[in-house]
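Take a look at the structure set out below.
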Amino acid sequence: MLSNIRIVLVQTFHPGNIGAAARAMKNMGLSQLYLVDPRVFPDDEAESRAAGAKDLLAQAVVVDSVEAAIADCQLVIGTSARERSYDLPLLDLETTAGQVVQEASSGQIAILFGRETMGLNNAEMLLCNRHLYIDANPDYPVLNVAQAIQLVCYELRRAARKAERKTLEPAPYPRQKEMVLFYEHLERVLRVTNFIIPQHEGRVMDKLKRYFNRSRPEKTELGMLRGILASVEETVERLTRD
């Protein structure tokens, strides 16, 4: 289960935090490290802080966007100390770990950690299905990114050990790349039916993405939605032709 969970660091500024994150992950049995546009990598400080986890650094996947890091994931969780209005289910660490471990038996899961100074931005949180917060002192709730990863990985290991003897049903959820295709299809239909008007687009697609990310349609449900959209397209094309 833990092998299907990836830790994604977004635009990490200090290379030492990358090394410390790798060490925290290996301590708890996680192995997938993704780096989105790190300021410096590879780096001697990262290797020094990684200690016995240099193999995780060597295997780290470096990509240039969050979308590339999560394309094949069925569940994406964004971490943030701030309870901003993302319209996403807000989960504590223990609840998150339980859900992640259950779903990791059937697909890839990504947990996103943002920049040291500002965390994840709103556009990145819009890509997530869940918002994870770590319960800390409200007067100073912001953890160092490596410390946060250590806590998350520890809870994931605890949850995995509890679930070892349970038989888990595979979760039939679509991958993120399938959701991207759905959103493109949805936007195309909304434009052709003039639901979205170029001069007054507003934030229709942002709100719809939040809704579907929050509700998380299953594979069969997404297939039905795509079928409805295709039917609308065919009807519009026929009426236009006639």
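Chain lettering (A, B, ...) mirrors the order of the structure tokens, residue numbering begins at 1 for each chain separately, and ligand numbering begins at 1 in order of display.
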Identify, on the basis of only C-alpha atoms, every residue whose closest approach to region 43-48 of chain A does not exceed 8 Å; exclude the query and any residue fewer than 4 positions from it along the same chain; express the result as a tab-separated table (two decimals) with C-alpha atoms, in the first residue's frame.
```tsv
chain	number	residue	atom	x	y	z
A	15	PRO	CA	17.65	21.59	-1.04
A	16	GLY	CA	18.20	20.44	2.55
A	17	ASN	CA	14.43	20.09	2.92
A	18	ILE	CA	14.40	17.69	-0.03
A	19	GLY	CA	17.01	15.52	1.66
A	20	ALA	CA	15.20	15.65	5.00
A	54	LYS	CA	20.20	8.77	-0.85
A	57	LEU	CA	16.99	11.06	-4.04
```
If you run DSSP on this backbone, which residues of region 5-241 of chain A come out as alpha helix (DSSP H), and could you give them as number ranges by chain? A: 15-28, 44-50, 54-59, 66-70, 93-103, 122-125, 145-163, 176-192, 204-215, 219-241
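Distances from A:Asp72, A:Glu178, A:Glu237, A:Glu184 to Gln108 (chain A) were compared using only C-alpha atoms, and the smallest one belongs to A:Asp72.
Nearest to Pro174 (chain A) of all the residues A:Val76, A:Leu229, A:Leu143, A:Leu132 is A:Val76, counting only C-alpha atoms.
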Taking only C-alpha atoms into account, name the residue in A:Leu186, A:Val100, A:Leu35, A:Ala146 that is nearest to Leu2 (chain A).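 Using only C-alpha atoms, Leu2 (chain A) sits closest to A:Val100.
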Hey, what's within 10 Å of region 221-228 of chain A if we count only C-alpha atoms and toss same-chain stuff fewer than 6 positions away? As a PyMOL selection string, please? chain A and resi 172-174+178-179+181-183+185-186+212+234
